[in-house]
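Working notes, beginning with the structure itself.
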Amino acid sequence: MMMPRTALLIVSLCWMSAVSAQQAVALKSEAWSFIEARADVFAAANRTIWSAAEGSLQEVESSRALQALLADSGFEVEAGVAGMPTAFVASFGSGRPVIGFLAEYDALPGVSQAAVPTPNIGPNPEAGHACGHSVFGVGSTAAALAVKELIAAGKLEGTVKLYGTPAEETGIGKIYMLRAGYFKGDDVILSWHASDKTQASYGSTKAIVNVKFKFAGVAAHASAAPFGGRSALDAVELMNTGVNFMREHVKQDARIHYVITDGGGQPNVVPPVAEVWYYIRANDFNDVVDYFAWVKQIAEGAAQMTQTRLTQVEVQSEMHELFPIRTLAQTVHQNLTFVGPPQWDAAEKQFARATQAAFGSPQGRSYENPIALHAAVEPLPEQLSEPRASTDQGDISWFVPTGGLRVAAFGYGLPIHSWPVVAATGTSIGTKALLVAGKTLAATAVDLYTDPALLASVRADWQQTRGDAPWKTLIPEGQMAPTQVR
């Protein structure tokens, strides 16, 4: 005979006293009911942010939408923090514990897509939420609002915060907020991310430096007097060639990629100015530091070869590797298991299956899959997987224990940063994902507020994992966040 969900949850929390377990169950149920009752509000907020699809540091409407939800619910909102107009911190309550939720809301350029299952330009023709940040921000806000209600009713003690963190895709938001003193006084930071499957997060990420190299040459007529000019674009191209040869001699985990952001005005003018934008990644930040120094030497050599000048090396941001906390991941997994994965209807499965069929790889690979939408909770990994992506949450994890989850929000097997992600998150598929995330985050926060022993265990686990390695930075002392990324 199967036990009811509530009874199972009480048994699973046997390390708490019976009274504490019953209280936790009741508080979680109340938080879940709060989120479910406002599903339409959160769906509308997602649609607003999804439709705006604003790029890094340009998320004016998106930031405003989340701030309004929080302010209307009684949060104290501090806007424009750390010199970034679209960054904010919303707080409610007093004292400890202090639990923070992360919200992201920047879109990606060049991935515009309507909420339809075939390639089609969306409401913002310049960008789209191909990383799922519209549902990310709203799901975290849902969790913060639910926890706030419990604190306001005197059922939880402590402080809840929602951090509006812009420009995650360029690693700018959180690092500059951290440098301004935010996050460091919190007890735990929680977040989530859209994915093609549902699972508690337990893994690290790649460290990265985001840096631009600018060269200056001499303009001249490219046909009549090329001898009078010196091409800054030549320097960029030679630099890129040098870095491509460098790739053979870096560790397997390293990733180096670039785009030329300024290659000149027109072909008959020798380009007097050129710029290339690099992301340099590795599993260990110390390796990033070494590779960055090597890339700079290549840039300097390219300038000498072309008789141009390397006029600027602009470190816009950086991200450190993330420290995963096993104890926190287990708590998230436990709550995710009882919340359950999103439950998909036939129309949603058909939508996802159509995106799988329509999306093809450059090699002609088909993404059609027997699974249209992932509908299970994956086991918590026993071992850490090889880091593939980067996140500016990694920097926070050097100062505060962090944890979270991923929730299925688009067709199974499809890659992130692609148009099917934009398409699905603009529909009820995205809404269901953010509701599961919001409920799981709120339930995890309830455990942290109500069980001091768990909070102490998370802290001890973090300290052991974190170790005593010094945090260092490539960003110049006193540098403020950039006002634009391109």
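Convention: chains lettered A, B, ... in structure tokens order; per-chain residue numbering from 1; ligands numbered from 1 as shown.
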Got a sec: who's within 7 Å of Ala90 (chain A), counting only C-alpha atoms, leaving out chain neighbours fewer than 2 positions off, as number ranges by chain? A: 70, 75-78, 88, 161-163
How would the residues just chosen look if you wrote them out with C-alpha atoms as a PDB file, in the first residue's frame?
ATOM      1  CA  LEU A  70       7.835  42.283  -5.387  1.00  0.00           C
ATOM      2  CA  PHE A  75       9.149  43.894  -0.424  1.00  0.00           C
ATOM      3  CA  GLU A  76      11.558  46.767   0.030  1.00  0.00           C
ATOM      4  CA  VAL A  77      13.173  47.187  -3.389  1.00  0.00           C
ATOM      5  CA  GLU A  78      16.573  48.785  -3.917  1.00  0.00           C
ATOM      6  CA  PHE A  88      18.044  45.334  -7.938  1.00  0.00           C
ATOM      7  CA  LYS A 161      15.887  38.397  -0.609  1.00  0.00           C
ATOM      8  CA  LEU A 162      15.373  38.345  -4.350  1.00  0.00           C
ATOM      9  CA  TYR A 163      18.412  39.465  -6.328  1.00  0.00           C
TER      10      TYR A 163
END
Please identify which residues in region 238-383 of chain A DSSP calls alpha helix (DSSP H) from the backbone, and express them as a ChimeraX atom specification. /A:238-246,285-306,326-339,346-358
DSSP-assigned strand (DSSP E) among region 196-354 of chain A, expressed as number ranges by chain: A: 199-200, 207-216, 255-262, 273-282, 309-319
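Between Glu300 (chain A) and the candidates A:Ser366, A:Asn240, A:Thr331, A:Thr205, the tightest atom-to-atom separation, counting only C-alpha atoms, involves A:Asn240.
CA of Ile151 (chain A) sits 21.5 Å away from CA of Thr402 (chain A).
In terms of minimum interatomic distance to Ser56 (chain A), A:Val485 ranks closest within A:Val485, A:Val236, A:Val421, A:Ala207, counting only C-alpha atoms.
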Within 7 Å of Gly413 (chain A) using only C-alpha atoms, minus same-chain residues under 2 positions, as a PyMOL selection string: chain A and resi 196+367+411+415
Determine, counting only C-alpha atoms, which protein, DNA and RNA residues have an atom within 12 Å of an atom of Ile189 (chain A); residues of the same chain fewer than 4 positions away are not included. Present the result as a count of residues only. 39
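Shortest separation to Asn335 (chain A) among A:Pro85, A:Gly438, A:Ser63, A:Ala37 occurs at residue A:Gly438, atoms counted being only C-alpha atoms.
Nearest to His193 (chain A) of all the residues A:Ala469, A:Ala127, A:Leu434, A:Ala303 is A:Leu434, counting only C-alpha atoms.
The smallest atom-to-atom distance between Glu36 (chain A) and any of A:Lys349, A:Trp344, A:Lys432, A:Val288, using only C-alpha atoms, is found for A:Lys432.
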Long-range neighbours of region 39-50 of chain A as a PyMOL selection string, 9 Å cut-off, only C-alpha atoms, 6 positions minimum in chain: chain A and resi 59+61-63+65-66+69+105-107+123+128-129+132-139+141-142+422+425-428+430-432+434-435
CA of Tyr258 (chain A) to CA of Pro109 (chain A): how many Å, to one decimal? 15.1 Å
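Our summary of the geometry notes that CA of Arg309 (chain A) is positioned 28.0 Å from CA of Ala254 (chain A).
Among the candidate residues A:Met305, A:Val273, A:Ala346, A:Ile208, the one lying nearest to Ala389 (chain A) is A:Ile208, with distances computed using only C-alpha atoms.
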Would you pick out the contacts of Phe213 (chain A) at 12 Å or less, using only C-alpha atoms, so that residues sharing its chain but fewer than 2 positions from it are not included, and give the list as a PyMOL selection string? chain A and resi 210-211+215-216+232-233+235-237+239-240+258-262+273-279+292+295-300+302-303+309-316
Could you write out that same residue set with N, CA and C atoms as a short mmCIF file (atom, residue, chain, number, x, y, z; two decimals), in the first residue's frame?
data_model
loop_
_atom_site.label_atom_id
_atom_site.label_comp_id
_atom_site.auth_asym_id
_atom_site.auth_seq_id
_atom_site.Cartn_x
_atom_site.Cartn_y
_atom_site.Cartn_z
N ASN A 210 35.98 37.42 -19.60
CA ASN A 210 35.32 38.08 -20.73
C ASN A 210 36.13 39.34 -21.03
N VAL A 211 36.81 39.37 -22.19
CA VAL A 211 37.79 40.43 -22.43
C VAL A 211 37.78 40.87 -23.89
N PHE A 215 42.70 47.36 -31.23
CA PHE A 215 43.93 47.75 -31.92
C PHE A 215 43.72 49.06 -32.68
N ALA A 216 44.79 49.83 -32.83
CA ALA A 216 44.75 51.08 -33.59
C ALA A 216 45.83 51.02 -34.67
N ALA A 232 44.44 47.75 -38.56
CA ALA A 232 44.10 47.20 -37.24
C ALA A 232 43.40 45.86 -37.38
N LEU A 233 42.67 45.69 -38.50
CA LEU A 233 42.01 44.40 -38.73
C LEU A 233 43.04 43.30 -38.96
N ALA A 235 45.82 43.05 -37.51
CA ALA A 235 46.27 42.67 -36.16
C ALA A 235 45.27 41.72 -35.50
N VAL A 236 43.98 42.03 -35.64
CA VAL A 236 42.95 41.15 -35.07
C VAL A 236 43.03 39.76 -35.69
N GLU A 237 43.18 39.73 -37.01
CA GLU A 237 43.19 38.43 -37.69
C GLU A 237 44.44 37.63 -37.35
N MET A 239 46.11 37.93 -34.54
CA MET A 239 45.91 37.52 -33.15
C MET A 239 45.05 36.25 -33.09
N ASN A 240 43.94 36.25 -33.84
CA ASN A 240 43.06 35.09 -33.83
C ASN A 240 43.77 33.84 -34.35
N TYR A 258 35.72 33.56 -29.81
CA TYR A 258 35.77 35.00 -30.02
C TYR A 258 34.82 35.41 -31.14
N VAL A 259 34.51 36.72 -31.15
CA VAL A 259 33.83 37.35 -32.28
C VAL A 259 34.53 38.68 -32.55
N ILE A 260 34.59 39.05 -33.83
CA ILE A 260 35.15 40.36 -34.21
C ILE A 260 34.03 41.38 -34.13
N THR A 261 34.12 42.29 -33.20
CA THR A 261 33.06 43.27 -32.97
C THR A 261 33.24 44.54 -33.78
N ASP A 262 34.45 44.78 -34.27
CA ASP A 262 34.71 45.93 -35.13
C ASP A 262 35.82 45.55 -36.09
N VAL A 273 40.90 51.16 -36.83
CA VAL A 273 40.51 50.63 -35.53
C VAL A 273 39.86 49.27 -35.73
N ALA A 274 40.14 48.33 -34.87
CA ALA A 274 39.49 47.02 -34.90
C ALA A 274 39.44 46.46 -33.49
N GLU A 275 38.46 45.60 -33.25
CA GLU A 275 38.28 45.03 -31.91
C GLU A 275 37.81 43.59 -32.01
N VAL A 276 38.32 42.76 -31.13
CA VAL A 276 37.89 41.36 -31.04
C VAL A 276 37.54 41.05 -29.59
N TRP A 277 36.47 40.26 -29.40
CA TRP A 277 35.91 39.98 -28.07
C TRP A 277 36.11 38.50 -27.78
N TYR A 278 36.80 38.19 -26.67
CA TYR A 278 37.16 36.82 -26.31
C TYR A 278 36.47 36.36 -25.03
N TYR A 279 36.10 35.07 -25.02
CA TYR A 279 35.79 34.34 -23.79
C TYR A 279 36.88 33.28 -23.64
N PHE A 292 44.92 33.72 -20.15
CA PHE A 292 44.70 35.13 -20.44
C PHE A 292 46.03 35.84 -20.68
N VAL A 295 47.24 34.83 -24.13
CA VAL A 295 46.49 35.50 -25.19
C VAL A 295 46.93 36.96 -25.32
N LYS A 296 47.18 37.62 -24.21
CA LYS A 296 47.67 39.01 -24.26
C LYS A 296 49.02 39.08 -24.99
N GLN A 297 49.91 38.13 -24.72
CA GLN A 297 51.20 38.12 -25.42
C GLN A 297 51.00 37.96 -26.92
N ILE A 298 50.06 37.12 -27.31
CA ILE A 298 49.76 36.92 -28.73
C ILE A 298 49.24 38.23 -29.33
N ALA A 299 48.39 38.93 -28.61
CA ALA A 299 47.86 40.21 -29.09
C ALA A 299 48.98 41.23 -29.27
N GLU A 300 49.88 41.26 -28.32
CA GLU A 300 51.01 42.19 -28.42
C GLU A 300 51.89 41.84 -29.62
N ALA A 302 50.87 40.35 -32.37
CA ALA A 302 50.13 40.70 -33.58
C ALA A 302 50.27 42.19 -33.88
N ALA A 303 50.27 43.01 -32.84
CA ALA A 303 50.45 44.45 -33.03
C ALA A 303 51.85 44.74 -33.59
N ARG A 309 49.05 49.31 -32.92
CA ARG A 309 49.17 49.38 -31.45
C ARG A 309 48.00 48.64 -30.80
N LEU A 310 48.31 47.88 -29.77
CA LEU A 310 47.28 47.30 -28.91
C LEU A 310 46.90 48.37 -27.91
N THR A 311 45.78 49.05 -28.14
CA THR A 311 45.44 50.24 -27.35
C THR A 311 44.63 49.93 -26.11
N GLN A 312 43.95 48.79 -26.08
CA GLN A 312 43.11 48.51 -24.92
C GLN A 312 42.91 47.00 -24.75
N VAL A 313 43.05 46.54 -23.51
CA VAL A 313 42.67 45.19 -23.12
C VAL A 313 41.64 45.38 -22.01
N GLU A 314 40.37 45.23 -22.36
CA GLU A 314 39.28 45.54 -21.43
C GLU A 314 38.67 44.27 -20.87
N VAL A 315 38.96 43.99 -19.61
CA VAL A 315 38.32 42.87 -18.92
C VAL A 315 36.94 43.34 -18.48
N GLN A 316 35.91 42.89 -19.17
CA GLN A 316 34.55 43.30 -18.80
C GLN A 316 34.07 42.57 -17.55
#
